[in-house]
Every structure is written in structure tokens, then in C-alpha cells.
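Text of the file work_29.cif, holding mmCIF, C-alpha atoms and all ligand atoms:
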data_target
#
loop_
_atom_site.label_atom_id
_atom_site.label_comp_id
_atom_site.auth_asym_id
_atom_site.auth_seq_id
_atom_site.Cartn_x
_atom_site.Cartn_y
_atom_site.Cartn_z
CA MET A 1 -50.77 -29.87 -45.30
CA ALA A 2 -50.22 -26.63 -47.14
CA GLN A 3 -51.11 -26.13 -50.80
CA THR A 4 -47.60 -26.68 -52.06
CA GLU A 5 -46.97 -30.42 -52.18
CA PRO A 6 -43.38 -31.56 -51.71
CA ARG A 7 -41.84 -32.53 -55.02
CA ARG A 8 -40.48 -36.06 -55.08
CA VAL A 9 -37.82 -36.58 -57.68
CA GLU A 10 -36.99 -40.25 -57.24
CA HIS A 11 -36.95 -43.13 -54.80
CA GLN A 12 -33.56 -44.04 -53.46
CA LEU A 13 -32.18 -46.55 -50.99
CA THR A 14 -30.94 -44.50 -48.05
CA ASP A 15 -30.40 -44.98 -44.35
CA LYS A 16 -34.18 -45.01 -44.00
CA GLY A 17 -34.84 -47.69 -46.62
CA TYR A 18 -36.45 -46.73 -49.92
CA VAL A 19 -37.55 -43.19 -49.49
CA PRO A 20 -38.46 -40.37 -51.78
CA VAL A 21 -35.60 -38.00 -52.38
CA TYR A 22 -36.67 -34.50 -53.16
CA THR A 23 -35.32 -31.63 -55.16
CA THR A 24 -32.10 -30.24 -53.77
CA ALA A 25 -33.49 -26.72 -53.83
CA VAL A 26 -33.46 -24.67 -50.66
CA VAL A 27 -37.00 -23.40 -50.17
CA GLU A 28 -38.29 -20.52 -48.17
CA GLN A 29 -40.45 -21.78 -45.31
CA PRO A 30 -43.98 -21.10 -46.58
CA TRP A 31 -45.08 -20.11 -43.10
CA SER A 32 -48.34 -18.37 -43.99
CA SER A 33 -49.52 -21.46 -45.86
CA TYR A 34 -49.56 -23.66 -42.75
CA SER A 35 -53.14 -24.55 -41.88
CA GLU A 36 -54.68 -24.54 -38.41
CA VAL A 37 -54.41 -28.32 -38.54
CA ASP A 38 -50.66 -28.06 -39.19
CA HIS A 39 -50.23 -25.76 -36.18
CA ALA A 40 -52.37 -28.05 -34.05
CA VAL A 41 -50.22 -31.05 -34.98
CA TRP A 42 -47.11 -29.13 -33.89
CA ARG A 43 -48.80 -28.06 -30.64
CA THR A 44 -49.96 -31.59 -29.82
CA LEU A 45 -46.62 -33.25 -30.56
CA PHE A 46 -44.67 -30.56 -28.76
CA ALA A 47 -46.77 -30.78 -25.58
CA ARG A 48 -46.71 -34.57 -25.58
CA GLN A 49 -42.94 -34.90 -25.99
CA GLN A 50 -42.25 -32.03 -23.62
CA GLU A 51 -44.02 -33.87 -20.84
CA LEU A 52 -42.53 -37.23 -21.69
CA LEU A 53 -38.96 -35.95 -21.91
CA VAL A 54 -38.72 -34.65 -18.35
CA GLY A 55 -36.16 -36.93 -16.71
CA ARG A 56 -35.65 -38.75 -20.02
CA ALA A 57 -33.96 -36.29 -22.36
CA SER A 58 -30.42 -35.08 -21.79
CA ALA A 59 -30.42 -32.04 -19.48
CA GLU A 60 -28.46 -30.21 -22.18
CA PHE A 61 -31.14 -30.93 -24.79
CA LEU A 62 -33.83 -29.51 -22.50
CA ARG A 63 -31.74 -26.52 -21.51
CA GLN A 64 -30.93 -25.60 -25.11
CA GLN A 65 -34.51 -26.16 -26.15
CA ARG A 66 -35.56 -23.51 -23.64
CA ALA A 67 -32.70 -21.21 -24.64
CA MET A 68 -33.79 -21.44 -28.22
CA GLY A 69 -37.30 -20.29 -27.43
CA MET A 70 -39.26 -22.42 -29.88
CA SER A 71 -42.94 -21.69 -29.64
CA PRO A 72 -45.09 -24.57 -28.44
CA ASP A 73 -48.22 -22.80 -29.76
CA ARG A 74 -47.47 -22.32 -33.46
CA ILE A 75 -44.98 -23.78 -35.88
CA PRO A 76 -41.87 -21.68 -35.33
CA LYS A 77 -40.52 -19.46 -38.09
CA PHE A 78 -37.01 -20.42 -39.19
CA ASP A 79 -36.29 -16.71 -39.59
CA GLU A 80 -36.98 -16.14 -35.90
CA LEU A 81 -34.87 -19.07 -34.70
CA ASN A 82 -31.90 -18.33 -36.94
CA PRO A 83 -30.54 -15.23 -35.16
CA VAL A 84 -30.53 -17.16 -31.86
CA LEU A 85 -28.83 -20.19 -33.40
CA ARG A 86 -26.34 -18.13 -35.41
CA GLN A 87 -25.37 -16.23 -32.31
CA ALA A 88 -24.86 -19.41 -30.27
CA THR A 89 -22.89 -21.61 -32.69
CA GLY A 90 -22.92 -20.13 -36.19
CA TRP A 91 -25.48 -22.65 -37.46
CA GLU A 92 -28.55 -21.72 -39.47
CA LEU A 93 -31.66 -23.53 -40.58
CA ILE A 94 -32.58 -23.84 -44.24
CA GLY A 95 -35.93 -25.09 -45.52
CA VAL A 96 -36.01 -28.18 -47.76
CA GLU A 97 -38.65 -30.43 -49.29
CA GLY A 98 -37.35 -33.52 -47.48
CA LEU A 99 -34.41 -35.92 -47.52
CA LEU A 100 -31.55 -34.73 -49.68
CA PRO A 101 -29.03 -36.68 -51.73
CA GLU A 102 -26.19 -37.60 -49.39
CA LEU A 103 -23.49 -35.33 -50.79
CA THR A 104 -25.79 -32.30 -50.75
CA PHE A 105 -26.70 -33.06 -47.15
CA PHE A 106 -23.04 -33.38 -46.11
CA GLU A 107 -22.13 -30.11 -47.80
CA HIS A 108 -24.87 -28.26 -45.95
CA LEU A 109 -23.69 -29.65 -42.61
CA ALA A 110 -20.05 -28.89 -43.34
CA ASN A 111 -21.12 -25.27 -43.84
CA ARG A 112 -23.25 -25.19 -40.71
CA ARG A 113 -26.56 -25.19 -42.53
CA PHE A 114 -29.09 -27.61 -41.12
CA PRO A 115 -31.78 -28.66 -43.61
CA VAL A 116 -35.25 -28.71 -42.05
CA THR A 117 -38.19 -30.27 -43.87
CA TRP A 118 -40.76 -27.48 -44.18
CA TRP A 119 -43.94 -29.62 -44.04
CA ILE A 120 -45.43 -31.32 -41.01
CA ARG A 121 -47.12 -34.73 -40.72
CA THR A 122 -50.91 -35.12 -40.75
CA PRO A 123 -53.00 -35.85 -37.62
CA GLU A 124 -53.22 -39.50 -38.77
CA GLN A 125 -49.40 -39.73 -38.62
CA LEU A 126 -48.92 -38.37 -35.09
CA ASP A 127 -47.22 -41.50 -33.76
CA TYR A 128 -45.23 -42.61 -36.75
CA LEU A 129 -44.14 -41.67 -40.22
CA SER A 130 -41.35 -43.18 -42.23
CA GLU A 131 -39.56 -40.05 -43.35
CA PRO A 132 -38.43 -36.96 -41.46
CA ASP A 133 -40.87 -34.05 -41.26
CA LEU A 134 -40.70 -30.62 -39.65
CA PHE A 135 -41.41 -31.93 -36.18
CA HIS A 136 -38.59 -34.47 -36.26
CA ASP A 137 -36.11 -32.06 -37.80
CA LEU A 138 -36.91 -28.99 -35.72
CA PHE A 139 -37.89 -30.40 -32.36
CA GLY A 140 -35.49 -33.33 -32.57
CA HIS A 141 -32.31 -32.01 -34.16
CA VAL A 142 -32.12 -28.29 -33.60
CA PRO A 143 -31.81 -27.84 -29.80
CA LEU A 144 -28.41 -29.57 -29.61
CA LEU A 145 -27.11 -27.43 -32.48
CA MET A 146 -27.14 -24.69 -29.81
CA ASN A 147 -24.46 -26.62 -27.86
CA PRO A 148 -20.97 -25.62 -29.08
CA VAL A 149 -19.46 -29.10 -28.82
CA PHE A 150 -22.33 -30.88 -30.51
CA ALA A 151 -22.48 -28.11 -33.13
CA ASP A 152 -18.82 -28.76 -33.96
CA TYR A 153 -19.46 -32.51 -34.10
CA MET A 154 -22.23 -32.05 -36.67
CA ALA A 155 -20.07 -29.81 -38.87
CA ALA A 156 -17.17 -32.28 -38.60
CA TYR A 157 -19.57 -35.03 -39.58
CA GLY A 158 -20.50 -33.06 -42.69
CA ARG A 159 -16.84 -32.67 -43.70
CA GLY A 160 -16.29 -36.36 -42.93
CA GLY A 161 -19.27 -37.17 -45.13
CA VAL A 162 -17.87 -35.30 -48.10
CA LYS A 163 -14.65 -37.25 -47.63
CA ALA A 164 -16.34 -40.64 -47.19
CA HIS A 165 -18.44 -39.98 -50.28
CA ALA A 166 -15.25 -39.64 -52.31
CA ILE A 167 -13.77 -42.80 -50.78
CA GLY A 168 -16.73 -44.96 -51.71
CA PRO A 169 -19.99 -46.64 -50.70
CA GLU A 170 -18.52 -48.85 -47.96
CA ALA A 171 -17.02 -45.88 -46.15
CA LEU A 172 -20.40 -44.18 -46.38
CA VAL A 173 -22.10 -47.19 -44.81
CA ASN A 174 -19.70 -47.03 -41.86
CA LEU A 175 -20.21 -43.30 -41.44
CA THR A 176 -23.99 -43.56 -41.73
CA ARG A 177 -24.05 -46.10 -38.89
CA LEU A 178 -22.19 -43.60 -36.72
CA TYR A 179 -24.80 -40.93 -37.50
CA TRP A 180 -27.60 -43.36 -36.84
CA TYR A 181 -26.32 -44.54 -33.46
CA THR A 182 -25.33 -41.08 -32.23
CA VAL A 183 -27.23 -38.19 -33.83
CA GLU A 184 -30.44 -40.16 -34.37
CA PHE A 185 -30.51 -42.79 -31.60
CA GLY A 186 -27.84 -41.85 -29.07
CA LEU A 187 -28.08 -42.12 -25.29
CA ILE A 188 -25.88 -40.25 -22.81
CA ARG A 189 -24.91 -41.09 -19.26
CA GLU A 190 -25.77 -38.23 -16.90
CA ALA A 191 -25.85 -37.77 -13.14
CA GLY A 192 -29.38 -39.14 -12.82
CA GLY A 193 -28.83 -42.12 -15.14
CA LEU A 194 -29.15 -42.72 -18.87
CA ARG A 195 -30.74 -39.94 -20.90
CA ILE A 196 -31.70 -39.44 -24.54
CA TYR A 197 -29.97 -37.10 -26.97
CA GLY A 198 -30.75 -38.79 -30.32
CA SER A 199 -33.26 -36.89 -32.46
CA GLY A 200 -35.02 -39.98 -33.72
CA ILE A 201 -35.83 -40.85 -30.13
CA VAL A 202 -36.71 -37.43 -28.69
CA SER A 203 -39.22 -36.92 -31.48
CA SER A 204 -40.87 -40.34 -30.96
CA LYS A 205 -43.43 -41.00 -28.26
CA GLY A 206 -43.02 -44.76 -28.23
CA GLU A 207 -39.26 -44.94 -28.55
CA SER A 208 -38.54 -42.26 -25.94
CA ILE A 209 -40.08 -44.62 -23.40
CA TYR A 210 -38.83 -47.88 -24.90
CA CYS A 211 -35.15 -46.95 -25.25
CA LEU A 212 -34.78 -46.30 -21.50
CA ASP A 213 -37.45 -48.42 -19.83
CA SER A 214 -37.64 -51.61 -21.86
CA ALA A 215 -35.52 -54.63 -20.96
CA ALA A 216 -35.55 -55.76 -24.59
CA PRO A 217 -32.78 -53.65 -26.20
CA ASN A 218 -29.06 -53.71 -25.52
CA ARG A 219 -27.57 -50.56 -24.05
CA ILE A 220 -23.84 -50.52 -24.71
CA GLY A 221 -21.03 -48.03 -24.16
CA PHE A 222 -19.96 -45.92 -27.15
CA ASP A 223 -17.15 -47.46 -29.21
CA LEU A 224 -16.44 -45.93 -32.63
CA GLU A 225 -15.38 -49.00 -34.59
CA ARG A 226 -17.98 -51.20 -32.94
CA ILE A 227 -20.69 -48.76 -34.02
CA MET A 228 -19.34 -48.48 -37.56
CA ARG A 229 -19.68 -52.26 -37.90
CA THR A 230 -23.19 -52.51 -36.48
CA ARG A 231 -26.25 -52.81 -38.70
CA TYR A 232 -29.44 -51.10 -37.58
CA ARG A 233 -33.21 -51.08 -37.82
CA ILE A 234 -35.23 -48.74 -39.96
CA ASP A 235 -38.65 -50.32 -39.46
CA THR A 236 -38.73 -51.09 -35.71
CA TYR A 237 -37.28 -49.66 -32.53
CA GLN A 238 -33.52 -50.18 -32.29
CA LYS A 239 -32.19 -53.46 -30.88
CA THR A 240 -29.14 -51.67 -29.52
CA TYR A 241 -28.53 -48.17 -28.21
CA PHE A 242 -25.01 -46.82 -27.67
CA VAL A 243 -24.25 -44.65 -24.66
CA ILE A 244 -21.79 -41.74 -24.59
CA ASP A 245 -20.36 -40.28 -21.36
CA SER A 246 -20.30 -36.72 -22.69
CA TYR A 247 -20.53 -34.70 -25.90
CA GLU A 248 -16.79 -34.08 -25.55
CA GLN A 249 -16.20 -37.84 -25.71
CA LEU A 250 -18.12 -37.97 -28.99
CA MET A 251 -16.07 -35.11 -30.41
CA GLU A 252 -12.72 -36.52 -29.30
CA ALA A 253 -13.42 -40.08 -30.41
CA THR A 254 -14.35 -38.92 -33.90
CA ARG A 255 -11.49 -36.44 -34.36
CA PRO A 256 -8.98 -38.88 -35.94
CA ASP A 257 -8.89 -39.38 -39.70
CA PHE A 258 -11.31 -42.19 -40.50
CA THR A 259 -9.55 -43.21 -43.73
CA PRO A 260 -7.46 -46.01 -42.17
CA ILE A 261 -10.47 -47.14 -40.13
CA TYR A 262 -12.56 -47.49 -43.28
CA SER A 263 -9.81 -49.60 -44.88
CA LYS A 264 -9.56 -51.83 -41.86
CA LEU A 265 -13.32 -52.32 -41.53
CA ALA A 266 -13.70 -53.12 -45.23
CA ALA A 267 -12.15 -56.53 -44.52
CA LEU A 268 -14.36 -57.27 -41.50
CA GLU A 269 -17.88 -58.61 -41.14
CA SER A 270 -20.66 -56.37 -39.91
CA PHE A 271 -22.49 -57.17 -36.66
CA PRO A 272 -26.21 -57.91 -36.42
CA ALA A 273 -28.16 -55.01 -34.87
CA GLY A 274 -28.94 -56.96 -31.70
CA SER A 275 -25.65 -58.71 -31.02
CA VAL A 276 -23.43 -58.28 -27.97
CA GLN A 277 -19.72 -58.46 -28.77
CA PRO A 278 -16.69 -59.35 -26.67
CA GLY A 279 -15.28 -56.15 -25.18
CA ASP A 280 -18.64 -54.35 -25.08
CA HIS A 281 -19.33 -52.25 -22.03
CA VAL A 282 -22.81 -53.58 -21.39
CA PHE A 283 -25.22 -51.40 -19.42
CA ASN A 284 -28.09 -53.66 -20.30
CA ARG A 285 -28.01 -56.96 -22.15
CA GLY A 286 -31.27 -56.96 -24.04
CA THR A 287 -33.74 -59.78 -23.54
CA GLY A 288 -34.57 -59.49 -27.22
CA GLU A 289 -38.27 -59.65 -26.47
CA GLY A 290 -40.34 -58.69 -29.47
CA TRP A 291 -37.44 -58.52 -31.88
CA LEU A 292 -38.03 -59.35 -35.52
CA GLU A 293 -35.46 -61.75 -36.99
CA ASP A 294 -35.09 -60.13 -40.38
CA GLY A 295 -34.65 -56.59 -41.43
CA ASP A 296 -31.33 -55.28 -40.13
CA VAL A 297 -29.84 -52.93 -42.69
N1 LIG A 301 -12.72 -37.58 -38.32
C1 LIG A 301 -13.65 -37.99 -39.36
C2 LIG A 301 -12.95 -38.33 -40.66
O1 LIG A 301 -11.78 -38.24 -40.80
C3 LIG A 301 -14.67 -36.90 -39.60
C4 LIG A 301 -15.82 -37.01 -38.66
C5 LIG A 301 -15.88 -36.22 -37.53
C6 LIG A 301 -16.84 -37.88 -38.92
C7 LIG A 301 -16.97 -36.32 -36.69
C8 LIG A 301 -17.91 -37.98 -38.08
C9 LIG A 301 -17.98 -37.19 -36.97
O2 LIG A 301 -13.62 -38.72 -41.59
CO CO A 302 -33.11 -37.07 -38.28
#
Let's see the structure in the file written out as C-alpha cells.
Amino acid sequence: MAQTEPRRVEHQLTDKGYVPVYTTAVVEQPWSSYSEVDHAVWRTLFARQQELLVGRASAEFLRQQRAMGMSPDRIPKFDELNPVLRQATGWELIGVEGLLPELTFFEHLANRRFPVTWWIRTPEQLDYLSEPDLFHDLFGHVPLLMNPVFADYMAAYGRGGVKAHAIGPEALVNLTRLYWYTVEFGLIREAGGLRIYGSGIVSSKGESIYCLDSAAPNRIGFDLERIMRTRYRIDTYQKTYFVIDSYEQLMEATRPDFTPIYSKLAALESFPAGSVQPGDHVFNRGTGEGWLEDGDV
């Protein structure tokens, strides 16, 4: 870890449980302060996921990752990635201390700025840490921002977030579930079979295997309202993954105004994370092996 410690301003209940929320300031990536250990952590994680993701990650994720030209050897400089990203889709990366308050986060996305945590995990945290770091944000989220359709989806999500924030906390819960089950934990159906596009999965060694190979979780076709009603896991692998057919499907399904959907869902119960519902397009009905009873959020 570099000399400058992230500044935690408070603990707040977010989509990741109680997590530190940091200052909202945009920080310059303190690239020269990364230690050799920091670079080695990046190199190790990058090589490990790179190998694991062959035949597992969405072909588009892998293609855009190459197009972007992130270095596997050293932590990339945001300033070197930004011209490539700006040219492709008009997005840019900004450095931040960590998770932002929701409205600030939405406003960045709406303006095509993707906040990337500047610091990287320690060697002891290679397999798991409970908050996003540079590896998750950069390796996991940024390649698909090079894809024009996904890039538009993320900006639309930001605008939708600003709107949901004004509507109220229940609308935000619905919208956050959509983000969780698509941007963070989404699967996509491709020619060779199911593939990963969710950042929370591509950046995780264990879950990138589990989500496709394990018989335990449900794998269910994408359905907007179904997803908005479904609770999720923050402390274990997901009990359910939702599968899109294409990035265009995601964009089209989320184009309508969500305001009437929020009103409708406000009167309905939420679904447990591991449930299968009537009308689901079930690719795999999970065996539920290893699931913890409590803890859906
Ligand atoms: N159409 C959504 C709304 O009206 C905005 C949105 C788009 C949300 C894409 C998420 C993803 O709120
Ligand atoms: Co993330």
C-alpha cells in the first residue's frame, strides 16, 4: 500500500453491507507511490484471471480488454487508458478513495466518468476483500466500457440512479438489484454457452469458476421486474445468476421509464435470493448445496 492511506469518512449501509464511504474528492492516481508489492499484486491477479477467463468470460469482454491495452506487468496509468477509452465511447476514468455516496456515484456515471479506486489490495487479500479496490474496478469494470452498447447502458443507469434517488429509498433498492445482477454478477448467453460479463465475477477467482460450473446456484433468464424484486448476497457467492442474450437486450429492456415500475413493485414482496419463481426461464435450477439460510439483503 502506498503512503497515502484512503480517508474513510463514515460507515454506511450500502449494497455491500456496512462499508466505509470515503471522501467524494476526485484524486489524481498517485502512480509513483505504488510499491513493488502493489505492482506484483496486480501482475499476479491479472495473470491468474486472464488464464481462468479463457472460455469463461464474454468474448466481448476479452476482446475489449485486449483493445484497451492494459498492462499485465505494472498497474496501468489512468492517464494512458483514458485516451483509448474516450476515443471508443466517450468514457473516462477518475481516481477515487473508494466507494462513493450513491448520488455522487450516479452523477459520475451519468456524465461518463467511471470512478476507479486508486489503491490495490494487499497480498494477504488476493482471493477476497469486502470492498472494491483497483483490481476489481479496473480489470473488472473497465473493459466493457469500451463497448458502445454497454457504455450507453452504464450512462443510462447513472441518469436512472439520479432519478431513483429523488423518488426514494425503495426505488433505489430496486435499481441497485438491477446493477448487482447485471453489472456486477451478470452472465450472457453466447455461441459456446454461458459466459461471464459481471465485474464482481470476472475479478474473483472462486466465483468465476463457481458461477458457471457449480450445480448449486440458479441460472435464470434476464427479466427486469423479476430482478428488481430479488434480494442478493453480499457475503457469499450468489444463489442466483441472471442471463442476458445480448448487451442490446439489456439496453432495450431498461429503456422504458422505471417510475411506474417502482410504484408497482412497492406493493409487492421481494423474492429470496435463491428462489425460483413461476415464469422463470430456468437454465439451471440450483441444488442449493452449501447455501447459508440467512443473510440475503
Ligand atoms: N430507464 C430507466 C429509468 O427510467 C433508467 C435506466 C436505464 C436504469 C438503464 C438502469 C439502466 O429509470
Ligand atoms: Co463493482
Q.
Distance cut-off 12 Å, centre (-39.8, -22.1, -45.3) in file coordinates, counting only C-alpha atoms: which residues qualify? Return them as number ranges by chain.
A. A: 2, 4, 6, 25-34, 75-80, 93-98, 115-120, 134
Q: Can you work out which one of A:Asn82, A:Thr89, A:Thr104, A:Ser203 has the shortest atom-to-atom distance to ligand CO 302 (chain A), counting all atoms listed in the file?
A: A:Ser203
Q.
Taking 6 positions as the minimum chain separation for residues in the same chain, which residues sit within 6 Å of Ile220 (chain A) when counting only C-alpha atoms? Answer as a ChimeraX atom specification.
A. /A:242-243,281-283
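Taking CA of Leu194 (chain A) and CA of Ser246 (chain A) as the two end points, the separation is 11.4 Å.
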Q.
Could you list, as JSON, numbers by chain, all residues that come within 9 Å of ligand CO 302 (chain A)? Count only C-alpha atoms and all ligand atoms.
A. {"A": [131, 132, 133, 136, 137, 140, 141, 180, 183, 184, 198, 199, 200]}
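Separating atom C7 of ligand LIG 301 (chain A) from CA of Tyr153 (chain A) is a distance of 5.2 Å.
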Q) What residues have any atom no more than 6 Å from ligand LIG 301 (chain A) when counting all atoms listed in the file, and can you list them as JSON, numbers by chain? A) {"A": [153, 156, 157, 160, 254, 255, 256, 257, 258]}
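Here CA of Arg229 (chain A) stands at a distance of 13.6 Å from CA of Pro278 (chain A).
Near Arg66 (chain A), within 12 Å and counting all atoms listed in the file, sit Gln50, Ala59, Glu60, Phe61, Ser71, Pro72, Leu81, Val84, Phe139, Val142, Pro143, Leu144 and Met146 of chain A, not including residues fewer than 5 positions from it in the same chain.
The environment of Arg177 (chain A) within 9 Å, counting all atoms listed in the file and disregarding residues fewer than 2 places along the same chain, consists of Asp15, Leu172, Val173, Asn174, Leu175, Tyr179, Trp180, Tyr181, Thr182, Ile227, Met228, Arg229, Thr230, Arg231 and Tyr232 of chain A.
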Output C-alpha atoms of each residue in that selection to a file, as a JSON list (two decimals), keeping the file's coordinate frame.
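Okay, this is what ended up in out-v1.json:
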[["chain", "number", "residue", "atom", "x", "y", "z"],
["A", 15, "ASP", "CA", -30.40, -44.98, -44.35],
["A", 172, "LEU", "CA", -20.40, -44.18, -46.38],
["A", 173, "VAL", "CA", -22.10, -47.19, -44.81],
["A", 174, "ASN", "CA", -19.70, -47.03, -41.86],
["A", 175, "LEU", "CA", -20.21, -43.30, -41.44],
["A", 179, "TYR", "CA", -24.80, -40.93, -37.50],
["A", 180, "TRP", "CA", -27.60, -43.36, -36.84],
["A", 181, "TYR", "CA", -26.32, -44.54, -33.46],
["A", 182, "THR", "CA", -25.33, -41.08, -32.23],
["A", 227, "ILE", "CA", -20.69, -48.76, -34.02],
["A", 228, "MET", "CA", -19.34, -48.48, -37.56],
["A", 229, "ARG", "CA", -19.68, -52.26, -37.90],
["A", 230, "THR", "CA", -23.19, -52.51, -36.48],
["A", 231, "ARG", "CA", -26.25, -52.81, -38.70],
["A", 232, "TYR", "CA", -29.44, -51.10, -37.58]]
(Q) Taking only C-alpha atoms into account, name the residue in A:Ser130, A:Gln87, A:Asn147, A:Thr240 that is nearest to Gly274 (chain A). (A) A:Thr240
Q.
So that I can see what lies close to Asp73 (chain A), please list as an MDAnalysis selection string the residues with an atom at most 10 Å from it, counting all atoms listed in the file and leaving out residues fewer than 5 positions away in the same chain.
A. chainID A and resid 39:44 46:47
Q. Can you tell me, as a ChimeraX atom specification, what residues are no more than 10 Å from Asp280 (chain A) when counting all atoms listed in the file, ignoring any on the same chain fewer than 6 positions away?
A. /A:219-223,226
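For the set A:Met70, A:Ala164, A:Ala171, A:Cys211, the residue with the smallest atom-to-atom gap to Ala266 (chain A) is A:Ala171, counting all atoms listed in the file.
Of the residues listed (A:Glu269, A:Val162, A:Tyr262, A:Glu190), A:Val162 shows the shortest atom-to-atom separation from Pro101 (chain A); distances use all atoms listed in the file.
For the residues A:Leu103, A:Val202, A:Ala155, A:Ile167, ranking by smallest atom-to-atom distance to Gln65 (chain A) using all atoms listed in the file places A:Val202 first.
In this comparison, which uses only C-alpha atoms, the residue of A:Ala57, A:Leu129, A:Ala216, A:Ala88 approaching Glu289 (chain A) most closely is A:Ala216.
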Q.
For a cutoff of 9 Å around the file-coordinate point (-36.2, -54.0, -20.4), which residues qualify once you count all atoms listed in the file? I'd like the result as number ranges by chain.
A. A: 210-218, 284-289
Completion of region 33-44 of chain A up to N, CA, C and O atoms, as a PDB file, in the frame of the given file:
ATOM      1  N   SER A  33     -48.660 -20.426 -45.267  1.00  0.00           N
ATOM      2  CA  SER A  33     -49.520 -21.460 -45.860  1.00  0.00           C
ATOM      3  C   SER A  33     -49.805 -22.604 -44.886  1.00  0.00           C
ATOM      4  O   SER A  33     -50.582 -23.509 -45.214  1.00  0.00           O
ATOM      5  N   TYR A  34     -49.205 -22.609 -43.718  1.00  0.00           N
ATOM      6  CA  TYR A  34     -49.560 -23.660 -42.750  1.00  0.00           C
ATOM      7  C   TYR A  34     -51.018 -23.485 -42.340  1.00  0.00           C
ATOM      8  O   TYR A  34     -51.472 -22.375 -42.054  1.00  0.00           O
ATOM      9  N   SER A  35     -51.733 -24.602 -42.279  1.00  0.00           N
ATOM     10  CA  SER A  35     -53.140 -24.550 -41.880  1.00  0.00           C
ATOM     11  C   SER A  35     -53.255 -24.622 -40.365  1.00  0.00           C
ATOM     12  O   SER A  35     -52.280 -24.930 -39.677  1.00  0.00           O
ATOM     13  N   GLU A  36     -54.455 -24.385 -39.857  1.00  0.00           N
ATOM     14  CA  GLU A  36     -54.680 -24.540 -38.410  1.00  0.00           C
ATOM     15  C   GLU A  36     -54.413 -25.965 -37.976  1.00  0.00           C
ATOM     16  O   GLU A  36     -53.959 -26.221 -36.876  1.00  0.00           O
ATOM     17  N   VAL A  37     -54.696 -26.907 -38.844  1.00  0.00           N
ATOM     18  CA  VAL A  37     -54.410 -28.320 -38.540  1.00  0.00           C
ATOM     19  C   VAL A  37     -52.906 -28.530 -38.402  1.00  0.00           C
ATOM     20  O   VAL A  37     -52.446 -29.193 -37.469  1.00  0.00           O
ATOM     21  N   ASP A  38     -52.123 -27.952 -39.292  1.00  0.00           N
ATOM     22  CA  ASP A  38     -50.660 -28.060 -39.190  1.00  0.00           C
ATOM     23  C   ASP A  38     -50.164 -27.519 -37.845  1.00  0.00           C
ATOM     24  O   ASP A  38     -49.361 -28.157 -37.167  1.00  0.00           O
ATOM     25  N   HIS A  39     -50.647 -26.347 -37.458  1.00  0.00           N
ATOM     26  CA  HIS A  39     -50.230 -25.760 -36.180  1.00  0.00           C
ATOM     27  C   HIS A  39     -50.670 -26.620 -35.007  1.00  0.00           C
ATOM     28  O   HIS A  39     -49.940 -26.778 -34.027  1.00  0.00           O
ATOM     29  N   ALA A  40     -51.863 -27.193 -35.134  1.00  0.00           N
ATOM     30  CA  ALA A  40     -52.370 -28.050 -34.050  1.00  0.00           C
ATOM     31  C   ALA A  40     -51.532 -29.325 -33.915  1.00  0.00           C
ATOM     32  O   ALA A  40     -51.297 -29.809 -32.803  1.00  0.00           O
ATOM     33  N   VAL A  41     -51.080 -29.862 -35.024  1.00  0.00           N
ATOM     34  CA  VAL A  41     -50.220 -31.050 -34.980  1.00  0.00           C
ATOM     35  C   VAL A  41     -48.916 -30.711 -34.245  1.00  0.00           C
ATOM     36  O   VAL A  41     -48.460 -31.450 -33.370  1.00  0.00           O
ATOM     37  N   TRP A  42     -48.335 -29.587 -34.584  1.00  0.00           N
ATOM     38  CA  TRP A  42     -47.110 -29.130 -33.890  1.00  0.00           C
ATOM     39  C   TRP A  42     -47.369 -29.006 -32.388  1.00  0.00           C
ATOM     40  O   TRP A  42     -46.610 -29.504 -31.560  1.00  0.00           O
ATOM     41  N   ARG A  43     -48.455 -28.323 -32.043  1.00  0.00           N
ATOM     42  CA  ARG A  43     -48.800 -28.060 -30.640  1.00  0.00           C
ATOM     43  C   ARG A  43     -48.981 -29.377 -29.877  1.00  0.00           C
ATOM     44  O   ARG A  43     -48.450 -29.551 -28.779  1.00  0.00           O
ATOM     45  N   THR A  44     -49.687 -30.304 -30.457  1.00  0.00           N
ATOM     46  CA  THR A  44     -49.960 -31.590 -29.820  1.00  0.00           C
ATOM     47  C   THR A  44     -48.670 -32.385 -29.603  1.00  0.00           C
ATOM     48  O   THR A  44     -48.403 -32.894 -28.515  1.00  0.00           O
TER      49      THR A  44
END
